[in-house]
>>> print(open('work-v2.pdb').read())   # PDB, C-alpha atoms
ATOM      1  CA  MET C  27     -64.772  53.712 187.810  1.00  0.00           C
ATOM      2  CA  THR C  28     -64.535  57.477 188.278  1.00  0.00           C
ATOM      3  CA  ALA C  29     -64.833  59.472 191.470  1.00  0.00           C
ATOM      4  CA  HIS C  30     -68.340  60.541 190.452  1.00  0.00           C
ATOM      5  CA  GLU C  31     -69.462  56.911 190.264  1.00  0.00           C
ATOM      6  CA  ARG C  32     -68.257  56.109 193.779  1.00  0.00           C
ATOM      7  CA  PRO C  33     -69.252  58.954 196.127  1.00  0.00           C
ATOM      8  CA  TRP C  34     -69.347  56.514 199.056  1.00  0.00           C
ATOM      9  CA  LYS C  35     -65.558  56.466 199.001  1.00  0.00           C
ATOM     10  CA  ARG C  36     -65.319  60.200 199.593  1.00  0.00           C
ATOM     11  CA  TYR C  37     -67.917  60.067 202.353  1.00  0.00           C
ATOM     12  CA  GLY C  38     -66.122  57.134 203.961  1.00  0.00           C
ATOM     13  CA  PHE C  39     -62.841  59.049 203.968  1.00  0.00           C
ATOM     14  CA  ALA C  40     -64.577  62.096 205.393  1.00  0.00           C
ATOM     15  CA  ALA C  41     -66.072  60.046 208.231  1.00  0.00           C
ATOM     16  CA  LEU C  42     -62.736  58.390 208.969  1.00  0.00           C
ATOM     17  CA  LEU C  43     -60.903  61.712 208.953  1.00  0.00           C
ATOM     18  CA  ALA C  44     -63.536  63.273 211.211  1.00  0.00           C
ATOM     19  CA  PHE C  45     -63.147  60.444 213.712  1.00  0.00           C
ATOM     20  CA  LEU C  46     -59.350  60.646 213.628  1.00  0.00           C
ATOM     21  CA  ALA C  47     -59.416  64.431 213.933  1.00  0.00           C
ATOM     22  CA  PHE C  48     -61.717  64.280 216.953  1.00  0.00           C
ATOM     23  CA  SER C  49     -59.516  61.628 218.562  1.00  0.00           C
ATOM     24  CA  THR C  50     -56.331  63.574 217.872  1.00  0.00           C
ATOM     25  CA  ILE C  51     -57.739  66.864 219.120  1.00  0.00           C
ATOM     26  CA  THR C  52     -58.911  65.129 222.287  1.00  0.00           C
ATOM     27  CA  ASP C  53     -55.378  63.788 222.752  1.00  0.00           C
ATOM     28  CA  ILE C  54     -53.917  67.273 222.230  1.00  0.00           C
ATOM     29  CA  VAL C  55     -56.240  68.794 224.818  1.00  0.00           C
ATOM     30  CA  SER C  56     -55.332  66.169 227.421  1.00  0.00           C
ATOM     31  CA  ASP C  57     -51.603  65.984 226.547  1.00  0.00           C
ATOM     32  CA  PRO C  58     -50.228  68.766 224.306  1.00  0.00           C
ATOM     33  CA  SER C  59     -47.021  66.921 223.426  1.00  0.00           C
ATOM     34  CA  ALA C  60     -45.035  67.185 220.222  1.00  0.00           C
ATOM     35  CA  TRP C  61     -46.158  63.671 219.276  1.00  0.00           C
ATOM     36  CA  ASN C  62     -49.852  64.608 219.357  1.00  0.00           C
ATOM     37  CA  TRP C  63     -49.250  67.792 217.383  1.00  0.00           C
ATOM     38  CA  SER C  64     -47.304  65.838 214.784  1.00  0.00           C
ATOM     39  CA  LYS C  65     -50.203  63.366 214.498  1.00  0.00           C
ATOM     40  CA  LEU C  66     -52.517  66.307 213.818  1.00  0.00           C
ATOM     41  CA  ALA C  67     -50.140  67.695 211.175  1.00  0.00           C
ATOM     42  CA  VAL C  68     -49.925  64.320 209.422  1.00  0.00           C
ATOM     43  CA  LEU C  69     -53.706  64.002 209.568  1.00  0.00           C
ATOM     44  CA  ALA C  70     -54.159  67.462 208.042  1.00  0.00           C
ATOM     45  CA  VAL C  71     -51.733  66.745 205.191  1.00  0.00           C
ATOM     46  CA  ALA C  72     -53.304  63.330 204.550  1.00  0.00           C
ATOM     47  CA  SER C  73     -56.804  64.785 204.465  1.00  0.00           C
ATOM     48  CA  VAL C  74     -55.794  67.433 201.924  1.00  0.00           C
ATOM     49  CA  CYS C  75     -54.040  64.842 199.753  1.00  0.00           C
ATOM     50  CA  ILE C  76     -56.972  62.436 199.880  1.00  0.00           C
ATOM     51  CA  TRP C  77     -59.512  65.155 199.161  1.00  0.00           C
ATOM     52  CA  TYR C  78     -57.478  66.539 196.276  1.00  0.00           C
ATOM     53  CA  GLY C  79     -56.892  63.088 194.837  1.00  0.00           C
ATOM     54  CA  GLU C  80     -60.579  62.260 194.927  1.00  0.00           C
ATOM     55  CA  ARG C  81     -61.683  65.551 193.444  1.00  0.00           C
ATOM     56  CA  ARG C  82     -59.188  65.474 190.609  1.00  0.00           C
ATOM     57  CA  SER C  83     -60.585  63.539 187.710  1.00  0.00           C
ATOM     58  CA  TRP C  84     -58.131  63.698 184.860  1.00  0.00           C
ATOM     59  CA  THR C  85     -58.754  61.954 181.607  1.00  0.00           C
ATOM     60  CA  ALA C  86     -56.569  62.180 178.551  1.00  0.00           C
ATOM     61  CA  PRO C  87     -58.173  64.087 175.689  1.00  0.00           C
ATOM     62  CA  GLU C  88     -58.926  62.274 172.465  1.00  0.00           C
ATOM     63  CA  LYS C  89     -56.027  62.420 170.020  1.00  0.00           C
ATOM     64  CA  ILE C  90     -56.603  64.556 166.969  1.00  0.00           C
ATOM     65  CA  GLY C  91     -54.540  64.943 163.848  1.00  0.00           C
ATOM     66  CA  PRO C  92     -53.205  68.154 162.360  1.00  0.00           C
ATOM     67  CA  GLU C  93     -55.774  67.950 159.555  1.00  0.00           C
ATOM     68  CA  SER C  94     -58.598  68.603 162.022  1.00  0.00           C
ATOM     69  CA  VAL C  95     -57.118  71.941 163.147  1.00  0.00           C
ATOM     70  CA  PRO C  96     -58.535  74.855 161.129  1.00  0.00           C
ATOM     71  CA  ALA C  97     -55.988  76.972 159.277  1.00  0.00           C
ATOM     72  CA  GLU C  98     -57.565  80.107 160.741  1.00  0.00           C
ATOM     73  CA  ASP C  99     -56.637  78.967 164.262  1.00  0.00           C
ATOM     74  CA  VAL C 100     -53.027  78.357 163.249  1.00  0.00           C
ATOM     75  CA  GLU C 101     -52.746  81.733 161.523  1.00  0.00           C
ATOM     76  CA  ALA C 102     -54.302  83.552 164.472  1.00  0.00           C
ATOM     77  CA  VAL C 103     -51.949  81.911 166.953  1.00  0.00           C
ATOM     78  CA  VAL C 104     -48.864  82.590 164.856  1.00  0.00           C
ATOM     79  CA  GLU C 105     -49.847  86.245 164.381  1.00  0.00           C
ATOM     80  CA  GLU C 106     -50.606  86.741 168.051  1.00  0.00           C
ATOM     81  CA  ARG C 107     -47.778  84.760 169.632  1.00  0.00           C
ATOM     82  CA  GLY C 108     -45.160  84.638 166.864  1.00  0.00           C
ATOM     83  CA  ARG C 109     -43.306  81.579 165.613  1.00  0.00           C
ATOM     84  CA  THR C 110     -42.220  80.307 169.001  1.00  0.00           C
ATOM     85  CA  VAL C 111     -42.929  77.701 171.616  1.00  0.00           C
ATOM     86  CA  TYR C 112     -45.682  79.976 172.929  1.00  0.00           C
ATOM     87  CA  ALA C 113     -47.559  79.637 169.650  1.00  0.00           C
ATOM     88  CA  MET C 114     -47.372  75.852 169.864  1.00  0.00           C
ATOM     89  CA  LYS C 115     -48.553  75.962 173.471  1.00  0.00           C
ATOM     90  CA  ALA C 116     -51.484  78.220 172.595  1.00  0.00           C
ATOM     91  CA  LEU C 117     -52.443  75.964 169.700  1.00  0.00           C
ATOM     92  CA  ARG C 118     -52.375  72.877 171.933  1.00  0.00           C
ATOM     93  CA  GLU C 119     -54.509  74.689 174.519  1.00  0.00           C
ATOM     94  CA  MET C 120     -57.071  75.466 171.830  1.00  0.00           C
ATOM     95  CA  HIS C 121     -57.041  71.845 170.602  1.00  0.00           C
ATOM     96  CA  PRO C 122     -56.166  69.590 173.604  1.00  0.00           C
ATOM     97  CA  GLY C 123     -55.785  66.359 171.623  1.00  0.00           C
ATOM     98  CA  LEU C 124     -53.134  67.791 169.318  1.00  0.00           C
ATOM     99  CA  GLY C 125     -49.680  66.284 169.753  1.00  0.00           C
ATOM    100  CA  LEU C 126     -46.525  68.313 170.264  1.00  0.00           C
ATOM    101  CA  ARG C 127     -44.928  67.295 166.968  1.00  0.00           C
ATOM    102  CA  ASP C 128     -48.129  68.072 165.056  1.00  0.00           C
ATOM    103  CA  ALA C 129     -48.363  71.491 166.708  1.00  0.00           C
ATOM    104  CA  LYS C 130     -44.734  72.216 165.797  1.00  0.00           C
ATOM    105  CA  ASN C 131     -45.331  71.190 162.192  1.00  0.00           C
ATOM    106  CA  LEU C 132     -48.389  73.425 162.004  1.00  0.00           C
ATOM    107  CA  VAL C 133     -46.666  76.461 163.526  1.00  0.00           C
ATOM    108  CA  GLN C 134     -43.347  75.952 161.691  1.00  0.00           C
ATOM    109  CA  PRO C 135     -44.208  74.123 158.450  1.00  0.00           C
ATOM    110  CA  ASP C 136     -40.804  74.813 156.871  1.00  0.00           C
ATOM    111  CA  HIS C 137     -38.833  72.812 159.488  1.00  0.00           C
TER     112      HIS C 137
END
>>> encode(input="work-v2.pdb", output="structure tokens")
Amino acid sequence: MTAHERPWKRYGFAALLAFLAFSTITDIVSDPSAWNWSKLAVLAVASVCIWYGERRSWTAPEKIGPESVPAEDVEAVVEERGRTVYAMKALREMHPGLGLRDAKNLVQPDH
């Protein structure tokens, strides 16, 4: 189940964080001790981590073989970037499912 299929989870975290933030800020106003400030810092870091984790939806791209990469793309990358790691990186960015070994074999066919 992806984050888009369960928006209630994000809203639940937001409500919980809002309650905890209000409670912590109230504690800071009444007693500005180091403990209360540290609770606020932990709450801020946790909220950023939770929000980022919910918003990030990473799925692995479908694997493709070297035969599905057009020769024109390989030639253009090699001409632009040269026969280096940068050419392999550019080729893999153009075709996300391409494996590292396949990209190397396409960029440097003689090795």
>>> resolve_selection(input="work-v2.pdb", expression="the PyMOL selection byres ((chain C and resi 46-56) around 12)", output="VMD selection string")
chain C and resid 39 to 45 57 to 73
>>> residues_around(input="work-v2.pdb", residues="range 113-123 of chain C", least_positions_apart="6", cutoff="6 Å", atoms="all atoms listed in the file", output="PDB file with C-alpha atoms, in the frame of the given file")
ATOM      1  CA  PRO C  87     -58.173  64.087 175.689  1.00  0.00           C
ATOM      2  CA  GLU C  88     -58.926  62.274 172.465  1.00  0.00           C
ATOM      3  CA  LYS C  89     -56.027  62.420 170.020  1.00  0.00           C
ATOM      4  CA  ILE C  90     -56.603  64.556 166.969  1.00  0.00           C
ATOM      5  CA  VAL C 103     -51.949  81.911 166.953  1.00  0.00           C
ATOM      6  CA  VAL C 104     -48.864  82.590 164.856  1.00  0.00           C
ATOM      7  CA  ARG C 107     -47.778  84.760 169.632  1.00  0.00           C
ATOM      8  CA  ALA C 129     -48.363  71.491 166.708  1.00  0.00           C
TER       9      ALA C 129
END
>>> atom_distance(input="work-v2.pdb", atom1="CA of Gly125 in chain C", atom2="CA of Gly108 in chain C")
19.1 Å
>>> closest_residue(input="work-v2.pdb", among="C:Asn131, C:Thr110, C:Glu105, C:Val74", to="Glu93 in chain C", atoms="only C-alpha atoms")
C:Asn131
>>> decode(input="work-v2.pdb", residues="range 104-118 of chain C", atoms="N, CA, C and O atoms", output="PDB file, in the first residue's frame")
ATOM      1  N   VAL C 104      28.196   9.017 -25.530  1.00  0.00           N
ATOM      2  CA  VAL C 104      29.643   8.842 -25.632  1.00  0.00           C
ATOM      3  C   VAL C 104      30.289  10.070 -26.247  1.00  0.00           C
ATOM      4  O   VAL C 104      31.356  10.513 -25.802  1.00  0.00           O
ATOM      5  N   GLU C 105      29.648  10.678 -27.252  1.00  0.00           N
ATOM      6  CA  GLU C 105      30.205  11.881 -27.867  1.00  0.00           C
ATOM      7  C   GLU C 105      30.194  13.051 -26.906  1.00  0.00           C
ATOM      8  O   GLU C 105      31.140  13.830 -26.847  1.00  0.00           O
ATOM      9  N   GLU C 106      29.117  13.172 -26.146  1.00  0.00           N
ATOM     10  CA  GLU C 106      28.990  14.308 -25.236  1.00  0.00           C
ATOM     11  C   GLU C 106      29.863  14.161 -24.002  1.00  0.00           C
ATOM     12  O   GLU C 106      30.549  15.083 -23.598  1.00  0.00           O
ATOM     13  N   ARG C 107      29.834  12.991 -23.392  1.00  0.00           N
ATOM     14  CA  ARG C 107      30.512  12.783 -22.109  1.00  0.00           C
ATOM     15  C   ARG C 107      31.871  12.101 -22.235  1.00  0.00           C
ATOM     16  O   ARG C 107      32.645  12.105 -21.303  1.00  0.00           O
ATOM     17  N   GLY C 108      32.139  11.438 -23.344  1.00  0.00           N
ATOM     18  CA  GLY C 108      33.379  10.680 -23.485  1.00  0.00           C
ATOM     19  C   GLY C 108      33.209   9.265 -22.967  1.00  0.00           C
ATOM     20  O   GLY C 108      32.169   8.877 -22.462  1.00  0.00           O
ATOM     21  N   ARG C 109      34.230   8.477 -23.084  1.00  0.00           N
ATOM     22  CA  ARG C 109      34.165   7.070 -22.647  1.00  0.00           C
ATOM     23  C   ARG C 109      34.566   6.977 -21.181  1.00  0.00           C
ATOM     24  O   ARG C 109      35.621   6.484 -20.841  1.00  0.00           O
ATOM     25  N   THR C 110      33.706   7.437 -20.319  1.00  0.00           N
ATOM     26  CA  THR C 110      34.020   7.449 -18.891  1.00  0.00           C
ATOM     27  C   THR C 110      32.809   7.012 -18.087  1.00  0.00           C
ATOM     28  O   THR C 110      31.769   6.644 -18.631  1.00  0.00           O
ATOM     29  N   VAL C 111      32.989   7.074 -16.785  1.00  0.00           N
ATOM     30  CA  VAL C 111      31.899   6.752 -15.866  1.00  0.00           C
ATOM     31  C   VAL C 111      30.741   7.728 -16.065  1.00  0.00           C
ATOM     32  O   VAL C 111      29.578   7.361 -15.901  1.00  0.00           O
ATOM     33  N   TYR C 112      31.050   8.955 -16.440  1.00  0.00           N
ATOM     34  CA  TYR C 112      29.994   9.952 -16.644  1.00  0.00           C
ATOM     35  C   TYR C 112      29.072   9.571 -17.794  1.00  0.00           C
ATOM     36  O   TYR C 112      27.878   9.847 -17.754  1.00  0.00           O
ATOM     37  N   ALA C 113      29.631   8.929 -18.813  1.00  0.00           N
ATOM     38  CA  ALA C 113      28.799   8.471 -19.926  1.00  0.00           C
ATOM     39  C   ALA C 113      27.864   7.358 -19.480  1.00  0.00           C
ATOM     40  O   ALA C 113      26.693   7.325 -19.856  1.00  0.00           O
ATOM     41  N   MET C 114      28.373   6.460 -18.650  1.00  0.00           N
ATOM     42  CA  MET C 114      27.517   5.380 -18.135  1.00  0.00           C
ATOM     43  C   MET C 114      26.416   5.956 -17.246  1.00  0.00           C
ATOM     44  O   MET C 114      25.262   5.531 -17.313  1.00  0.00           O
ATOM     45  N   LYS C 115      26.777   6.926 -16.430  1.00  0.00           N
ATOM     46  CA  LYS C 115      25.787   7.554 -15.546  1.00  0.00           C
ATOM     47  C   LYS C 115      24.703   8.260 -16.361  1.00  0.00           C
ATOM     48  O   LYS C 115      23.510   8.132 -16.075  1.00  0.00           O
ATOM     49  N   ALA C 116      25.112   8.988 -17.386  1.00  0.00           N
ATOM     50  CA  ALA C 116      24.139   9.687 -18.227  1.00  0.00           C
ATOM     51  C   ALA C 116      23.227   8.704 -18.951  1.00  0.00           C
ATOM     52  O   ALA C 116      22.020   8.925 -19.071  1.00  0.00           O
ATOM     53  N   LEU C 117      23.782   7.598 -19.389  1.00  0.00           N
ATOM     54  CA  LEU C 117      22.988   6.585 -20.083  1.00  0.00           C
ATOM     55  C   LEU C 117      21.974   5.952 -19.127  1.00  0.00           C
ATOM     56  O   LEU C 117      20.826   5.722 -19.486  1.00  0.00           O
ATOM     57  N   ARG C 118      22.387   5.696 -17.899  1.00  0.00           N
ATOM     58  CA  ARG C 118      21.467   5.113 -16.913  1.00  0.00           C
ATOM     59  C   ARG C 118      20.401   6.114 -16.478  1.00  0.00           C
ATOM     60  O   ARG C 118      19.316   5.735 -16.088  1.00  0.00           O
TER      61      ARG C 118
END
